[in-house]
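Q: Take a look at input_24.csv, CSV, C-alpha atoms:
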```
chain,number,residue,atom,x,y,z
A,1,MET,CA,-184.7,1.0,-37.4
A,2,ASN,CA,-183.3,1.1,-33.9
A,3,LEU,CA,-180.1,2.7,-32.6
A,4,LYS,CA,-178.1,-0.5,-32.9
A,5,GLN,CA,-179.0,-0.9,-36.5
A,6,LEU,CA,-178.3,2.7,-37.3
A,7,SER,CA,-174.9,2.5,-35.6
A,8,HIS,CA,-174.0,-0.7,-37.5
A,9,MET,CA,-175.0,0.8,-40.8
A,10,LEU,CA,-172.8,3.9,-40.2
A,11,SER,CA,-169.9,1.9,-38.7
A,12,LEU,CA,-170.0,4.1,-35.6
A,13,SER,CA,-170.5,3.2,-31.9
A,14,GLN,CA,-173.9,3.5,-30.4
A,15,THR,CA,-172.5,6.1,-28.0
A,16,THR,CA,-171.2,8.3,-30.9
A,17,VAL,CA,-174.5,8.1,-32.8
A,18,SER,CA,-176.5,8.9,-29.7
A,19,ARG,CA,-174.3,11.9,-28.9
A,20,ALA,CA,-174.5,13.1,-32.5
A,21,LEU,CA,-178.3,12.9,-32.5
A,22,ASN,CA,-178.4,14.8,-29.2
A,23,GLY,CA,-176.1,17.6,-30.2
A,24,TYR,CA,-173.1,16.9,-28.0
A,25,PRO,CA,-170.3,19.4,-28.8
A,26,GLU,CA,-167.5,16.7,-28.7
A,27,VAL,CA,-169.0,15.1,-31.9
A,28,SER,CA,-167.6,16.7,-35.1
A,29,GLU,CA,-170.0,18.7,-37.3
A,30,GLU,CA,-169.3,16.3,-40.2
A,31,THR,CA,-170.2,13.2,-38.1
A,32,ARG,CA,-173.3,14.9,-36.7
A,33,ARG,CA,-174.5,15.8,-40.2
A,34,ARG,CA,-173.8,12.3,-41.5
A,35,VAL,CA,-175.7,10.7,-38.6
A,36,MET,CA,-178.7,13.2,-38.9
A,37,ASP,CA,-178.9,12.6,-42.6
A,38,ALA,CA,-178.9,8.8,-42.2
A,39,ALA,CA,-181.5,9.0,-39.4
A,40,LYS,CA,-183.8,11.1,-41.5
A,41,ARG,CA,-183.3,8.9,-44.6
A,42,HIS,CA,-184.2,5.7,-42.8
A,43,GLY,CA,-186.9,7.1,-40.5
A,44,TYR,CA,-185.0,6.7,-37.2
A,45,ARG,CA,-186.4,8.6,-34.3
A,46,PRO,CA,-184.9,8.2,-30.8
A,47,ASN,CA,-187.2,7.0,-28.1
A,48,PRO,CA,-188.1,10.1,-26.0
A,49,SER,CA,-188.1,8.3,-22.7
A,50,ALA,CA,-184.8,6.6,-23.4
A,51,ARG,CA,-183.2,9.8,-24.6
A,52,ARG,CA,-184.3,11.6,-21.4
A,53,LEU,CA,-182.9,8.9,-19.2
A,54,ALA,CA,-179.6,8.8,-21.2
A,55,THR,CA,-179.1,12.6,-21.6
A,56,GLY,CA,-181.2,14.2,-18.9
A,57,LYS,CA,-182.8,16.3,-21.7
A,58,ALA,CA,-186.5,16.4,-22.6
A,59,GLY,CA,-185.9,17.4,-26.2
A,60,MET,CA,-188.4,20.2,-25.8
A,61,ILE,CA,-188.5,24.0,-26.2
A,62,GLY,CA,-191.0,25.9,-24.0
A,63,TYR,CA,-193.0,29.0,-24.6
A,64,VAL,CA,-195.3,30.6,-21.9
A,65,MET,CA,-198.3,31.9,-23.9
A,66,PRO,CA,-200.5,34.5,-22.3
A,67,THR,CA,-204.2,33.8,-23.0
A,68,GLY,CA,-207.5,35.3,-22.0
A,69,ALA,CA,-210.2,37.7,-23.4
A,70,SER,CA,-207.8,40.6,-23.5
A,71,VAL,CA,-205.1,38.7,-25.5
A,72,ASP,CA,-205.4,38.5,-29.3
A,73,MET,CA,-203.7,35.8,-31.4
A,74,ASP,CA,-201.2,37.9,-33.3
A,75,PRO,CA,-200.4,36.8,-36.9
A,76,HIS,CA,-196.8,37.9,-36.4
A,77,PHE,CA,-196.5,35.4,-33.6
A,78,VAL,CA,-198.0,32.6,-35.7
A,79,GLU,CA,-195.5,33.3,-38.5
A,80,PHE,CA,-192.6,33.3,-36.0
A,81,LEU,CA,-193.9,30.1,-34.6
A,82,SER,CA,-194.0,28.5,-38.0
A,83,GLY,CA,-190.3,29.3,-38.5
A,84,LEU,CA,-189.4,28.0,-35.1
A,85,GLY,CA,-191.4,24.8,-35.7
A,86,ASP,CA,-189.8,24.1,-39.0
A,87,TYR,CA,-186.4,24.0,-37.4
A,88,ALA,CA,-187.5,22.1,-34.4
A,89,ARG,CA,-189.3,19.4,-36.4
A,90,SER,CA,-186.2,18.8,-38.6
A,91,HIS,CA,-184.0,18.5,-35.5
A,92,ASP,CA,-186.1,16.2,-33.3
A,93,LEU,CA,-187.2,19.0,-31.0
A,94,ASP,CA,-190.7,19.5,-29.7
A,95,LEU,CA,-192.4,22.8,-28.8
A,96,VAL,CA,-194.4,23.0,-25.6
A,97,LEU,CA,-196.9,25.8,-25.2
A,98,SER,CA,-197.9,26.6,-21.6
A,99,PRO,CA,-201.0,28.8,-21.5
A,100,THR,CA,-201.2,31.2,-18.7
A,101,ALA,CA,-203.1,34.2,-17.5
A,102,ALA,CA,-201.3,37.4,-18.4
A,103,ASP,CA,-200.6,38.2,-14.8
A,104,GLU,CA,-199.3,34.7,-14.0
A,105,GLU,CA,-196.5,34.4,-16.5
A,106,GLU,CA,-193.7,34.3,-13.8
A,107,THR,CA,-195.5,31.6,-11.8
A,108,THR,CA,-195.7,29.5,-15.0
A,109,TYR,CA,-192.1,29.9,-15.8
A,110,ARG,CA,-191.1,28.8,-12.3
A,111,ARG,CA,-193.4,25.8,-12.6
A,112,ILE,CA,-192.1,24.5,-15.9
A,113,VAL,CA,-188.5,25.0,-14.8
A,114,ALA,CA,-189.0,23.3,-11.5
A,115,ASN,CA,-190.8,20.3,-13.2
A,116,LYS,CA,-188.0,20.1,-15.8
A,117,GLN,CA,-190.7,20.0,-18.5
A,118,VAL,CA,-188.5,21.7,-21.1
A,119,ASP,CA,-184.8,22.2,-21.8
A,120,ALA,CA,-185.0,25.8,-22.9
A,121,VAL,CA,-187.5,28.6,-23.4
A,122,TYR,CA,-187.8,31.7,-25.5
A,123,VAL,CA,-189.4,35.1,-24.6
A,124,SER,CA,-191.3,37.2,-27.1
A,125,SER,CA,-192.6,40.8,-27.0
A,126,PRO,CA,-190.1,42.0,-24.5
A,127,ARG,CA,-190.7,45.3,-22.6
A,128,PRO,CA,-188.2,47.6,-20.9
A,129,ALA,CA,-186.7,46.1,-17.7
A,130,ASP,CA,-188.6,42.9,-18.5
A,131,ARG,CA,-189.1,40.8,-15.3
A,132,ARG,CA,-189.4,37.6,-17.3
A,133,VAL,CA,-185.8,37.9,-18.5
A,134,ALA,CA,-184.5,38.6,-15.0
A,135,LEU,CA,-186.4,35.6,-13.7
A,136,LEU,CA,-185.0,33.2,-16.4
A,137,GLU,CA,-181.5,34.5,-15.7
A,138,HIS,CA,-182.1,33.7,-12.0
A,139,LEU,CA,-183.6,30.3,-12.7
A,140,GLY,CA,-180.6,29.3,-14.8
A,141,ILE,CA,-182.5,27.6,-17.7
A,142,PRO,CA,-181.2,28.2,-21.3
A,143,TYR,CA,-183.2,30.9,-23.0
A,144,ILE,CA,-183.3,33.4,-25.9
A,145,VAL,CA,-185.2,36.7,-26.1
A,146,HIS,CA,-186.8,37.4,-29.4
A,147,GLY,CA,-186.4,41.2,-29.4
A,148,ARG,CA,-184.6,43.3,-26.7
A,149,THR,CA,-185.3,44.7,-23.3
A,150,GLU,CA,-183.6,47.7,-21.7
A,151,GLY,CA,-182.7,48.7,-18.2
A,152,LEU,CA,-181.4,45.4,-16.9
A,153,ASP,CA,-178.1,45.2,-15.0
A,154,PHE,CA,-176.8,42.1,-16.9
A,155,GLU,CA,-176.3,41.0,-20.5
A,156,TYR,CA,-178.6,38.3,-21.9
A,157,PRO,CA,-178.9,36.3,-25.1
A,158,PHE,CA,-181.3,37.7,-27.7
A,159,LEU,CA,-182.1,38.0,-31.4
A,160,ASP,CA,-183.6,41.2,-32.8
A,161,ILE,CA,-183.8,43.3,-35.9
A,162,ASP,CA,-182.4,46.8,-36.1
A,163,ASN,CA,-185.8,48.5,-35.7
A,164,GLU,CA,-184.3,51.9,-34.9
A,165,ALA,CA,-182.0,52.0,-37.9
A,166,ALA,CA,-184.8,50.7,-40.2
A,167,PHE,CA,-187.2,53.5,-39.3
A,168,GLN,CA,-184.5,56.1,-39.3
A,169,GLU,CA,-183.5,55.2,-42.8
A,170,ALA,CA,-187.1,55.1,-44.0
A,171,THR,CA,-187.8,58.5,-42.5
A,172,ARG,CA,-184.6,60.0,-43.9
A,173,LEU,CA,-185.7,58.9,-47.4
A,174,LEU,CA,-189.0,60.7,-47.0
A,175,ILE,CA,-187.3,63.8,-45.8
A,176,GLN,CA,-185.0,63.7,-48.9
A,177,LEU,CA,-188.2,63.6,-51.0
A,178,GLY,CA,-189.3,66.9,-49.4
A,179,HIS,CA,-191.6,65.6,-46.6
A,180,THR,CA,-191.6,67.7,-43.4
A,181,LYS,CA,-194.9,66.4,-42.0
A,182,VAL,CA,-194.2,62.7,-41.3
A,183,ALA,CA,-196.5,60.6,-39.1
A,184,LEU,CA,-195.9,57.3,-37.4
A,185,ILE,CA,-198.5,54.6,-36.8
A,186,ASN,CA,-196.7,52.4,-34.4
A,187,GLY,CA,-197.3,49.2,-32.4
A,188,ASP,CA,-197.8,48.9,-28.7
A,189,ASP,CA,-195.4,51.5,-27.3
A,190,SER,CA,-195.0,49.5,-24.0
A,191,GLN,CA,-192.9,47.0,-26.1
A,192,THR,CA,-189.3,47.7,-26.9
A,193,PHE,CA,-189.6,47.2,-30.7
A,194,ALA,CA,-192.1,50.1,-30.9
A,195,ILE,CA,-189.9,52.3,-28.7
A,196,HIS,CA,-186.9,51.7,-31.0
A,197,ARG,CA,-189.0,52.4,-34.1
A,198,GLU,CA,-190.2,55.7,-32.7
A,199,ARG,CA,-186.7,56.6,-31.6
A,200,GLY,CA,-185.3,55.9,-35.1
A,201,LEU,CA,-188.0,58.1,-36.8
A,202,LYS,CA,-187.4,61.0,-34.4
A,203,LYS,CA,-183.6,60.8,-34.9
A,204,ALA,CA,-184.1,61.2,-38.7
A,205,LEU,CA,-186.4,64.2,-38.1
A,206,ALA,CA,-184.1,65.8,-35.6
A,207,ALA,CA,-181.2,65.5,-38.0
A,208,SER,CA,-183.1,67.8,-40.3
A,209,GLY,CA,-184.3,70.1,-37.7
A,210,LEU,CA,-187.8,68.6,-37.6
A,211,LYS,CA,-190.0,67.2,-34.8
A,212,LEU,CA,-192.7,64.6,-34.4
A,213,PRO,CA,-195.7,66.4,-32.8
A,214,ALA,CA,-198.0,64.4,-30.5
A,215,HIS,CA,-200.8,64.4,-33.0
A,216,ARG,CA,-198.7,62.7,-35.6
A,217,LEU,CA,-197.8,59.7,-33.4
A,218,ILE,CA,-200.3,57.0,-32.8
A,219,SER,CA,-199.4,53.7,-31.0
A,220,VAL,CA,-202.0,50.9,-31.1
A,221,ALA,CA,-202.3,47.1,-31.5
A,222,MET,CA,-201.3,46.2,-35.0
A,223,THR,CA,-204.7,45.4,-36.6
A,224,GLU,CA,-206.3,46.5,-39.9
A,225,GLU,CA,-209.1,48.4,-38.1
A,226,ASN,CA,-206.6,50.3,-35.9
A,227,GLY,CA,-204.7,51.3,-39.0
A,228,TYR,CA,-207.9,52.6,-40.5
A,229,ARG,CA,-208.9,54.6,-37.5
A,230,ALA,CA,-205.4,56.0,-36.9
A,231,THR,CA,-205.2,57.2,-40.5
A,232,ARG,CA,-208.6,58.9,-40.4
A,233,ARG,CA,-207.4,60.7,-37.3
A,234,LEU,CA,-204.2,61.8,-38.8
A,235,LEU,CA,-205.6,63.0,-42.2
A,236,GLU,CA,-208.6,64.7,-40.7
A,237,HIS,CA,-206.3,66.9,-38.5
A,238,ASP,CA,-205.7,70.5,-39.5
A,239,GLU,CA,-202.0,69.7,-39.9
A,240,ALA,CA,-202.3,66.4,-41.8
A,241,PRO,CA,-199.1,64.6,-42.7
A,242,THR,CA,-197.9,64.2,-46.2
A,243,ALA,CA,-196.2,60.9,-45.4
A,244,ILE,CA,-196.9,58.0,-43.0
A,245,VAL,CA,-194.6,55.3,-41.7
A,246,CYS,CA,-196.5,52.3,-40.5
A,247,SER,CA,-195.3,49.4,-38.2
A,248,SER,CA,-197.2,46.6,-39.9
A,249,LEU,CA,-198.6,45.5,-43.2
A,250,PHE,CA,-201.7,44.4,-41.4
A,251,MET,CA,-202.3,48.0,-40.2
A,252,THR,CA,-201.4,49.2,-43.7
A,253,LEU,CA,-204.4,47.5,-45.1
A,254,GLY,CA,-206.5,49.9,-43.0
A,255,VAL,CA,-204.3,52.8,-43.8
A,256,VAL,CA,-204.8,52.4,-47.6
A,257,ARG,CA,-208.5,51.9,-47.1
A,258,ALA,CA,-208.8,55.1,-45.0
A,259,ILE,CA,-206.8,57.1,-47.6
A,260,ARG,CA,-209.1,55.9,-50.3
A,261,ASP,CA,-212.3,56.7,-48.3
A,262,LEU,CA,-211.1,60.2,-47.8
A,263,GLY,CA,-210.8,60.7,-51.6
A,264,LEU,CA,-207.0,60.8,-51.4
A,265,SER,CA,-204.4,58.7,-53.2
A,266,VAL,CA,-201.0,57.1,-52.6
A,267,PRO,CA,-198.5,58.6,-53.3
A,268,ALA,CA,-199.9,61.8,-54.9
A,269,ASP,CA,-201.4,63.0,-51.6
A,270,VAL,CA,-199.8,60.7,-49.0
A,271,SER,CA,-196.5,58.8,-49.3
A,272,LEU,CA,-196.5,55.5,-47.4
A,273,ILE,CA,-193.8,53.2,-46.0
A,274,ALA,CA,-194.6,50.1,-43.9
A,275,HIS,CA,-192.7,47.3,-42.1
A,276,ASP,CA,-193.0,44.0,-43.8
A,277,ASP,CA,-192.4,40.8,-41.8
A,278,VAL,CA,-192.5,38.8,-45.1
A,279,PHE,CA,-195.8,37.0,-44.9
A,280,PRO,CA,-196.5,34.5,-47.7
A,281,TRP,CA,-200.2,35.6,-47.9
A,282,LEU,CA,-199.7,39.4,-47.7
A,283,LYS,CA,-197.2,40.8,-50.1
A,284,PRO,CA,-196.5,44.6,-50.4
A,285,GLU,CA,-196.1,44.4,-54.1
A,286,ASN,CA,-199.8,43.2,-54.4
A,287,PHE,CA,-201.3,46.3,-52.9
A,288,SER,CA,-203.1,48.6,-55.3
A,289,VAL,CA,-200.0,50.7,-55.2
A,290,PRO,CA,-196.9,48.6,-54.5
A,291,LEU,CA,-195.7,49.5,-51.0
A,292,SER,CA,-192.2,50.7,-50.1
A,293,THR,CA,-191.2,48.7,-47.0
A,294,THR,CA,-188.6,48.0,-44.4
A,295,ARG,CA,-188.3,44.2,-44.6
A,296,SER,CA,-187.1,41.4,-42.4
A,297,SER,CA,-188.5,37.8,-42.3
A,298,ILE,CA,-190.1,37.0,-39.0
A,299,ARG,CA,-190.2,33.3,-40.0
A,300,ALA,CA,-186.5,33.3,-40.5
A,301,ALA,CA,-186.1,34.8,-37.1
A,302,GLY,CA,-188.2,32.0,-35.6
A,303,ALA,CA,-185.9,29.4,-37.2
A,304,ARG,CA,-182.8,31.2,-36.0
A,305,VAL,CA,-184.2,31.3,-32.4
A,306,ALA,CA,-184.8,27.6,-32.5
A,307,GLU,CA,-181.3,26.9,-33.9
A,308,ARG,CA,-179.7,29.0,-31.1
A,309,LEU,CA,-181.9,27.3,-28.4
A,310,ALA,CA,-180.8,23.9,-29.7
A,311,ALA,CA,-177.1,25.1,-29.5
A,312,ARG,CA,-177.6,26.4,-26.0
A,313,ILE,CA,-179.2,23.1,-24.9
A,314,SER,CA,-176.3,21.1,-26.3
A,315,GLY,CA,-173.6,23.5,-24.9
A,316,LEU,CA,-172.5,24.7,-28.3
A,317,GLU,CA,-173.6,28.2,-27.5
A,318,THR,CA,-173.0,29.8,-24.1
A,319,GLY,CA,-172.9,33.3,-22.7
A,320,PRO,CA,-175.2,36.3,-23.2
A,321,ARG,CA,-174.7,36.7,-27.0
A,322,GLY,CA,-176.9,39.3,-28.7
A,323,GLU,CA,-177.6,39.2,-32.4
A,324,ILE,CA,-179.0,42.1,-34.4
A,325,TRP,CA,-180.1,41.7,-38.0
A,326,PRO,CA,-180.0,44.6,-40.4
A,327,VAL,CA,-183.3,45.5,-42.2
A,328,ASP,CA,-183.7,46.0,-45.9
A,329,LEU,CA,-185.4,49.1,-47.3
A,330,VAL,CA,-187.3,48.2,-50.4
A,331,VAL,CA,-188.5,51.2,-52.5
A,332,ARG,CA,-191.6,50.7,-54.6
A,333,GLY,CA,-194.4,53.0,-55.9
A,334,SER,CA,-195.9,54.2,-52.7
A,335,ILE,CA,-193.6,57.2,-52.1
A,336,ALA,CA,-193.1,60.4,-54.1
A,337,GLY,CA,-192.1,63.9,-53.6
A,338,ALA,CA,-194.1,66.0,-51.1
A,339,PRO,CA,-197.2,67.6,-52.6
A,340,ALA,CA,-196.8,71.3,-53.2
```
As structure tokens, please, write out the structure in this file.

A:
Amino acid sequence: MNLKQLSHMLSLSQTTVSRALNGYPEVSEETRRRVMDAAKRHGYRPNPSARRLATGKAGMIGYVMPTGASVDMDPHFVEFLSGLGDYARSHDLDLVLSPTAADEEETTYRRIVANKQVDAVYVSSPRPADRRVALLEHLGIPYIVHGRTEGLDFEYPFLDIDNEAAFQEATRLLIQLGHTKVALINGDDSQTFAIHRERGLKKALAASGLKLPAHRLISVAMTEENGYRATRRLLEHDEAPTAIVCSSLFMTLGVVRAIRDLGLSVPADVSLIAHDDVFPWLKPENFSVPLSTTRSSIRAAGARVAERLAARISGLETGPRGEIWPVDLVVRGSIAGAPA
């Protein structure tokens, strides 16, 4: 089916159908949905070259992906990308990955913007005063930051979860259960999400007159092996914690293994709370002792970032709007009162 046939079937002009398919704001939401549903039902897909000539849009979302021997493929990124891809596929958007050396990201951003390869980009794993965000603001391309950065002198569009409140609430619960020796196994503390999680945990401790000593804070890449090594280090210390808050279910696999290898158990000896990004293949309730978690779907975040990028491409969303999602605290069997 071509554009003319689709327009005739819907009793709409070709211009209206084309604008509806390309997200123009002057087309009503009801008409847009009607056109999109009909296009999907009858297998209509706009010709990319014709669409680009007509609208000046490539129909593509870009992501600059650092690669190299020192860069691991993070399962959190893969799950986020799945959510983003689900939305993009159903809205006739394509995703373009631009591999680059870790120290050449800014050059790559400049190139894809200058070549007009994509209509919008998203930024992941932001750090404080992130130079990529400042560059994209300067280049003027629509973008969204997944996460937040700090220390910039302008507002910017982002989507983030409330990491600080989540870890503050988790720690407060442990304190209410009598735990005074709480440890944090965190992610890379050069990234803002980890900074916020540490900040939240320390706030909860401080509110009860407690502190987080250096030997109870470990920041590492979020892998199972790192979780195992970090837990051995914590529990073999003279002042071992009675509770651990962990930034990733992947690390928690190693945490649980280390606790078992030391002849200890959850929650009799160590209470445990982890962050759950809601992976379909790794569920907290399937651990030997069901895990208490802070929970927010990273796949849903990917879909929302794609939705907002599409809105920014079409002009439906403008301005530096930030969006912060609350995080659920799910209590299961991995926490108990502090051992005497």

Q: Using all atoms listed in the file, pick whichever of A:Ile218, A:Ala243, A:Leu10, A:Met60 has the shortest atom-to-atom distance to Asp37 (chain A).

A: A:Leu10

Q: Would you please work out which residue, of A:Ser82, A:Gln176, A:Asn286, A:Ser18, is nearest to Lys4 (chain A) when using all atoms listed in the file?

A: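 Looking only at the distances to Lys4 (chain A), the closest residue turns out to be A:Ser18.
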
Q: Write out as a PyMOL selection string the residues lying within 8 Å of Arg321 (chain A), counting all atoms listed in the file and excluding same-chain residues fewer than 5 positions away.

A: chain A and resi 155-158

Q: Using 10 Å as the limit and counting only C-alpha atoms, can you tabulate each residue of region 183-228 of chain A that touches region 132-151 of chain A, with its shortest atom-to-atom distance in Å and the two atoms involved, as CSV?

A:
```
residue,atom,partner,partner_atom,distance
A:Gln191,CA,A:Thr149,CA,8.4
A:Thr192,CA,A:Thr149,CA,6.2
A:Phe193,CA,A:Gly147,CA,6.9
A:His196,CA,A:Arg148,CA,9.7
```

Q: My list of candidates is A:Ser296, A:Ser208, A:Asn22, A:Ser248. Which is closest to Leu173 (chain A) when distances are computed with only C-alpha atoms?

A: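 Comparing A:Ser296, A:Ser208, A:Asn22, A:Ser248 against Leu173 (chain A), the winner is A:Ser208.
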
Q: Please provide the set of residues having any atom within 9 Å of region 325-328 of chain A, restricted to all atoms listed in the file, with same-chain residues fewer than 2 positions apart removed, written as a PyMOL selection string.

A: chain A and resi 159-163+165-166+293-296+323+330

Q: Nearest to Pro213 (chain A) among A:Asn115, A:Thr31, A:Asn226, A:Thr180, with distances taken over only C-alpha atoms: which residue is it?

A: A:Thr180
